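Below is data.txt, which holds compact mmCIF, C-alpha atoms.
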```txt
# COMPACT_ATOMS: atom_id res chain seq x y z
CA MET L 449 0.00 0.00 0.00
CA ARG L 450 1.09 3.54 -0.72
CA LEU L 451 -0.18 6.93 0.33
CA GLU L 452 -1.25 9.62 -2.11
CA PHE L 453 -0.46 13.17 -1.06
CA ALA L 454 -0.28 16.55 -2.76
CA GLU L 455 3.10 17.97 -3.61
CA ASP L 456 2.61 20.93 -1.28
CA ILE L 457 3.18 18.76 1.80
CA ARG L 458 6.22 17.00 0.35
CA PRO L 459 8.71 19.06 2.41
CA ILE L 460 6.92 18.05 5.62
CA ILE L 461 7.00 14.35 4.83
CA GLU L 462 10.52 14.33 3.45
CA GLY L 463 11.71 16.43 6.37
CA GLN L 464 11.35 13.55 8.79
CA SER L 465 13.20 10.26 9.06
CA GLU L 466 11.38 8.48 11.88
CA LEU L 467 8.81 6.85 9.60
CA GLU L 468 9.09 5.12 6.24
CA VAL L 469 6.47 6.82 4.08
CA PRO L 470 5.82 5.44 0.59
CA VAL L 471 3.98 8.19 -1.30
CA ASP L 472 2.62 8.71 -4.79
CA TRP L 473 2.89 12.47 -5.19
CA VAL L 474 0.16 14.24 -7.13
CA THR L 475 -0.76 17.84 -7.72
CA ARG L 476 -2.86 19.65 -5.15
CA GLU L 477 -5.68 19.80 -7.70
CA GLU L 478 -5.58 16.04 -8.26
CA ALA L 479 -5.59 15.35 -4.54
CA LEU L 480 -8.52 17.66 -3.87
CA SER L 481 -10.49 16.19 -6.76
CA ARG L 482 -10.50 12.62 -5.44
CA TYR L 483 -9.50 12.37 -1.81
CA LEU L 484 -13.07 11.73 -0.71
CA ASN L 485 -13.75 9.18 -3.44
CA ARG L 486 -12.08 6.23 -1.75
CA PRO L 487 -13.08 2.68 -0.83
CA PHE L 488 -14.33 1.87 2.66
CA GLY L 489 -11.68 1.08 5.26
CA ASN L 490 -11.65 -2.72 5.33
CA SER L 491 -11.49 -2.93 1.54
CA TYR L 492 -7.84 -1.96 1.81
CA ASP L 493 -5.41 -4.86 2.09
CA PHE L 494 -3.62 -4.50 5.41
CA ASN L 495 -1.92 -7.85 4.81
CA GLN L 496 1.05 -6.13 3.31
CA THR L 497 4.52 -7.50 3.30
CA PRO L 498 7.56 -5.45 4.20
CA MET J 740 0.36 16.01 9.06
CA ARG J 741 1.28 17.21 12.51
CA ALA J 742 -0.05 14.00 14.05
CA SER J 743 1.99 11.89 11.66
CA LYS J 744 5.10 13.73 12.79
CA ASP J 745 4.26 13.89 16.48
CA PRO J 746 7.47 12.85 18.23
CA LEU J 747 5.72 11.27 21.19
CA ALA J 748 3.44 9.21 18.97
CA THR J 749 6.36 8.03 16.87
CA GLN J 750 8.36 7.14 19.96
CA VAL J 751 5.53 4.86 21.04
CA THR J 752 4.93 3.29 17.63
CA SER J 753 8.60 2.73 16.88
CA THR J 754 9.16 1.20 20.30
CA PHE J 755 6.22 -1.12 19.78
CA LEU J 756 6.81 -2.03 16.13
CA GLY J 757 10.53 -1.62 15.79
CA PRO J 758 12.53 1.20 14.23
CA ARG J 759 11.11 3.28 11.42
CA PRO J 760 7.61 1.89 11.00
CA ARG J 761 6.02 2.13 7.56
CA TRP J 762 3.04 4.53 7.34
CA THR J 763 0.80 3.33 4.53
CA PHE J 764 -2.75 4.27 5.46
CA CYS J 765 -4.12 7.76 6.04
CA SER J 766 -7.83 8.23 6.25
CA GLY J 767 -10.64 9.36 8.48
CA ASN J 768 -13.90 8.21 9.99
CA THR J 769 -16.89 10.50 10.28
CA ALA J 770 -19.99 9.53 12.23
CA MET J 771 -22.71 11.67 10.72
CA PRO J 772 -25.68 13.04 12.64
CA PRO J 773 -28.91 11.11 12.24
CA THR J 774 -31.59 12.11 9.77
CA PRO J 775 -35.30 11.32 9.83
CA THR J 776 -34.67 8.35 7.54
CA THR J 777 -31.24 7.30 8.84
CA PRO J 778 -31.13 6.63 12.58
CA PRO J 779 -27.78 6.22 14.37
CA GLN J 780 -26.21 2.86 13.53
CA SER J 781 -23.31 0.84 14.87
CA GLN J 782 -20.78 -1.22 12.98
CA PRO J 783 -20.56 -4.89 13.89
CA VAL J 784 -17.71 -5.48 16.32
CA HIS J 785 -14.75 -6.37 14.16
CA SER J 786 -10.99 -6.52 13.78
CA ASP J 787 -9.24 -4.62 11.00
CA ALA J 788 -6.76 -7.51 10.75
CA ASP J 789 -9.14 -9.55 8.59
CA PHE J 790 -6.48 -11.89 7.25
CA ASP J 791 -4.19 -14.63 8.50
CA HIS J 792 -1.81 -12.54 10.55
CA PRO J 793 1.04 -13.18 12.98
CA SER J 794 0.48 -13.47 16.71
CA HIS J 795 3.05 -10.81 17.53
CA PRO J 796 2.43 -7.06 17.28
CA PHE J 797 2.82 -5.93 13.68
CA ALA J 798 0.60 -2.91 13.08
CA LEU J 799 -0.86 0.04 14.96
CA VAL J 800 -3.69 2.43 14.22
CA ILE J 801 -3.29 6.04 15.30
CA ASN J 802 -6.52 7.98 15.74
CA VAL J 803 -6.83 11.72 16.28
CA PRO J 804 -10.31 13.10 17.00
CA LEU J 805 -10.97 16.54 15.52
CA VAL J 806 -13.88 16.98 17.92
CA THR J 807 -14.15 15.57 21.43
CA MET J 808 -15.54 12.05 21.18
CA THR J 809 -18.17 10.87 23.64
CA PRO J 810 -20.64 7.98 23.81
CA GLU J 811 -23.28 10.46 22.60
CA ASN J 812 -21.51 11.41 19.36
CA GLY J 813 -20.13 7.97 18.53
CA SER J 814 -16.86 7.41 20.34
CA THR J 815 -15.45 4.16 18.98
CA GLU J 816 -16.32 1.13 21.10
CA LEU J 817 -13.15 -0.67 22.18
CA TRP J 818 -12.73 -4.21 23.52
CA LEU J 819 -9.52 -3.88 25.47
CA GLY J 820 -7.17 -6.86 25.52
CA THR J 821 -8.72 -8.63 22.55
CA HIS J 822 -5.65 -8.19 20.34
CA ALA J 823 -4.02 -10.97 22.37
CA ASP J 824 -6.17 -13.75 20.87
CA SER J 825 -6.84 -12.38 17.40
CA GLY J 826 -7.07 -14.27 14.14
CA LEU J 827 -9.38 -15.75 11.56
CA HIS J 828 -10.61 -18.27 14.15
CA VAL J 829 -12.55 -15.51 15.93
CA GLN J 830 -13.91 -13.82 12.77
CA ASP J 831 -16.73 -14.13 10.26
CA GLY J 832 -16.61 -12.57 6.80
CA MET J 833 -13.90 -12.65 4.19
CA HIS J 834 -11.53 -9.81 3.37
CA GLY J 835 -13.14 -7.63 0.74
CA GLU J 836 -16.63 -7.97 2.11
CA ARG J 837 -18.23 -4.83 3.49
CA ALA J 838 -18.25 -6.14 7.08
CA SER J 839 -15.19 -8.37 7.03
CA GLY J 840 -13.50 -9.31 10.26
CA ARG J 841 -16.73 -9.54 12.26
CA ILE J 842 -16.18 -11.19 15.61
CA LYS J 843 -18.22 -14.35 16.15
CA PRO J 844 -21.23 -13.52 18.36
CA HIS J 845 -20.63 -16.23 20.97
CA LEU J 846 -17.06 -14.99 21.45
CA LEU J 847 -18.34 -11.46 22.02
CA GLU J 848 -20.52 -12.74 24.82
CA GLN J 849 -17.66 -14.76 26.31
CA ARG J 850 -15.44 -11.68 26.29
CA ARG J 851 -18.17 -9.41 27.62
CA ALA J 852 -18.32 -11.58 30.75
CA VAL J 853 -14.57 -11.08 31.29
CA ARG J 854 -14.16 -7.44 30.24
CA PRO J 855 -17.04 -5.59 28.62
CA PRO J 856 -16.37 -2.97 25.94
CA CYS J 857 -16.02 0.75 26.63
CA GLN J 858 -16.70 3.97 24.75
CA PRO J 859 -14.15 6.39 26.17
CA VAL J 860 -14.42 10.16 26.18
CA VAL J 861 -11.45 11.35 24.13
CA LYS J 862 -10.64 15.04 23.98
CA LYS J 863 -10.25 16.84 20.66
CA GLY J 864 -6.65 16.61 19.46
CA SER J 865 -5.76 13.57 21.56
CA ILE J 866 -3.75 10.71 20.11
CA VAL J 867 -5.18 7.21 20.45
CA ILE J 868 -2.88 4.32 19.55
CA ARG J 869 -4.32 0.83 19.25
CA ASP J 870 -3.27 -2.53 17.90
CA LEU J 871 -4.71 -3.22 14.41
CA ARG J 872 -6.02 -6.54 15.76
CA LEU J 873 -8.14 -5.01 18.53
CA TRP J 874 -11.88 -5.68 18.42
CA HIS J 875 -13.78 -2.43 17.98
CA ALA J 876 -16.90 -0.88 16.45
CA GLY J 877 -17.85 2.50 15.11
CA LYS J 878 -20.91 3.71 16.98
CA GLY J 879 -23.90 5.84 16.10
CA ASN J 880 -23.89 9.60 16.50
CA TYR J 881 -26.89 10.84 18.47
CA THR J 882 -25.93 14.53 18.28
CA GLN J 883 -26.39 17.07 15.50
CA GLU J 884 -22.65 17.59 14.85
CA PRO J 885 -20.44 15.26 12.76
CA ARG J 886 -17.89 13.30 14.78
CA VAL J 887 -14.64 13.38 12.80
CA MET J 888 -11.59 11.24 13.56
CA LEU J 889 -8.35 10.86 11.62
CA ALA J 890 -7.02 7.32 11.15
CA MET J 891 -3.44 6.39 10.27
CA SER J 892 -1.84 2.95 10.25
CA GLU J 893 1.79 2.04 10.74
CA PHE J 894 3.36 -1.37 10.10
CA CYS J 895 6.52 -2.98 11.36
CA THR J 896 9.40 -3.24 8.92
CA SER J 897 11.93 -4.95 11.15
CA ARG J 898 10.26 -8.35 11.26
CA LYS J 899 8.96 -10.39 8.38
CA TYR J 900 5.34 -11.46 8.47
CA PRO J 901 3.19 -13.47 8.29
```

What does this structure look like when you write it as structure tokens?
Amino acid sequence: MRLEFAEDIRPIIEGQSELEVPVDWVTREEALSRYLNRPFGNSYDFNQTP
Amino acid sequence: MRASKDPLATQVTSTFLGPRPRWTFCSGNTAMPPTPTTPPQSQPVHSDADFDHPSHPFALVINVPLVTMTPENGSTELWLGTHADSGLHVQDGMHGERASGRIKPHLLEQRRAVRPPCQPVVKKGSIVIRDLRLWHAGKGNYTQEPRVMLAMSEFCTSRKYP
């Protein structure tokens, strides 16, 4: 699983090293256009492998 | 973003999961006020670990309420201690179904006799950290204001699983 965040918060995420954060970076407009259109929680596969 | 970088939260999660946990889920849960045609409803008690998972700690959920959560507005019901005997043997429903990970009813009643669930009051801006395996249920909102809660999940990277 990977996160999807807008580019405008990239400095915040990349400014820390305590967490591994896999991100697909998109424009702010893309993020705002679809962040609410997501599957329900348990549809995500939490059985991820490292 | 601030919660994801909170040094105290990360100290707890990295101590529990091992160094540099992987943050791969960032979402939110909103319990909406009732309407004339939609009364307050509860989720079935379930575990988010709706797959064959290891018996050791491997994932945490970090919740941050954006409004104070109470039993009246749908504070999440928690079944403390239930992460210790978690697995497919206690669940109904396959991954991918709407209500996957439902806890078998007779096990709920067994557990209720030992330690019943609670709906804690959690102040706005608090940080709640729970094991992904913990039995829990979203509860109905009986007020007129949405109850909003951020949800982030972190996974261990220092141990292979399952």

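Counting from atom CA of Val469 of chain L, the distance to atom CA of Thr763 of chain J is 6.7 Å.
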
Taking all atoms listed in the file into account and nothing else, which residues of chain J lie no more than 6 Å away from chain L? Please answer as a ChimeraX atom specification.
/J:759-763,835,896

Excluding segment 798-802 of chain J and residues on its chain fewer than 4 positions from it, collect all residues at most 7 Å away from it, counting only C-alpha atoms, and give them as a list in words.
Leu756, Ile866, Val867, Ile868, Arg869, Asp870, Leu871, Met888, Leu889, Ala890, Met891, Ser892, Glu893, Phe894 and Cys895 of chain J

Neighbouring residues of Arg476 of chain L were defined as those with any atom within 7 Å, considering all atoms listed in the file; residues of the same chain fewer than 4 positions away were excluded. Please report them as an MDAnalysis selection string.
chainID L and resid 454:456 480

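Atom pair atom CA of Ala852 of chain J / atom CA of Thr821 of chain J: separated by 13.0 Å.
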
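Using all atoms listed in the file, every residue with an atom at most 8 Å from the point (-10.6, -9.7, 10.2) is listed here: J:His785, J:Ser786, J:Asp787, J:Ala788, J:Asp789, J:Phe790, J:Gly826, J:Leu827, J:Gln830, J:Asp831, J:Gly832, J:Met833, J:His834, J:Ser839, J:Gly840, J:Arg841, J:Ile842, J:Arg872.
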
Straight-line distance linking atom CA of Pro796 of chain J with atom CA of Ser825 of chain J, stated in Å to one decimal:
10.7 Å

Name the closest residue to Ser865 of chain J among the candidates J:Val751, J:His795, J:Thr807, J:Gln780; distances are taken between atoms, counting only C-alpha atoms.
J:Thr807

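The smallest atom-to-atom distance between His875 of chain J and any of J:Pro804, J:Pro855, J:Pro810, J:Pro783, using all atoms listed in the file, is found for J:Pro783.
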
Neighbouring residues of Ala770 of chain J were defined as those with any atom within 12 Å, considering all atoms listed in the file; residues of the same chain fewer than 5 positions away were excluded. Please report them as a ChimeraX atom specification.
/J:777-782,804-806,808-815,876-889

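Nearest to Ser897 of chain J of all the residues J:Arg850, J:Trp818, J:Gly757, J:His845 is J:Gly757, counting all atoms listed in the file.
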
Determine the nearest neighbour of Lys862 of chain J from the options J:Leu817, J:Ala748, J:Val829, J:Val803, counting all atoms listed in the file.
J:Val803

Output segment 453-464 of chain L with N, CA and C atoms present, as a compact mmCIF listing (two decimals), in the coordinates of the input.
```txt
# COMPACT_ATOMS: atom_id res chain seq x y z
N PHE L 453 -0.43 11.83 -1.65
CA PHE L 453 -0.46 13.17 -1.06
C PHE L 453 -0.16 14.20 -2.15
N ALA L 454 -0.57 15.44 -1.84
CA ALA L 454 -0.28 16.55 -2.76
C ALA L 454 1.15 17.05 -2.55
N GLU L 455 1.70 17.53 -3.61
CA GLU L 455 3.10 17.97 -3.61
C GLU L 455 3.40 19.04 -2.56
N ASP L 456 2.33 19.81 -2.19
CA ASP L 456 2.61 20.93 -1.28
C ASP L 456 2.96 20.49 0.13
N ILE L 457 2.75 19.21 0.47
CA ILE L 457 3.18 18.76 1.80
C ILE L 457 4.45 17.90 1.72
N ARG L 458 5.03 17.83 0.52
CA ARG L 458 6.22 17.00 0.35
C ARG L 458 7.36 17.38 1.30
N PRO L 459 7.61 18.69 1.49
CA PRO L 459 8.71 19.06 2.41
C PRO L 459 8.48 18.56 3.83
N ILE L 460 7.22 18.51 4.26
CA ILE L 460 6.92 18.05 5.62
C ILE L 460 7.25 16.56 5.74
N ILE L 461 6.79 15.80 4.77
CA ILE L 461 7.00 14.35 4.83
C ILE L 461 8.48 14.02 4.67
N GLU L 462 9.12 14.67 3.71
CA GLU L 462 10.52 14.33 3.45
C GLU L 462 11.46 14.98 4.46
N GLY L 463 10.90 15.80 5.34
CA GLY L 463 11.71 16.43 6.37
C GLY L 463 11.82 15.61 7.64
N GLN L 464 11.27 14.42 7.61
CA GLN L 464 11.35 13.55 8.79
C GLN L 464 12.00 12.22 8.37
```
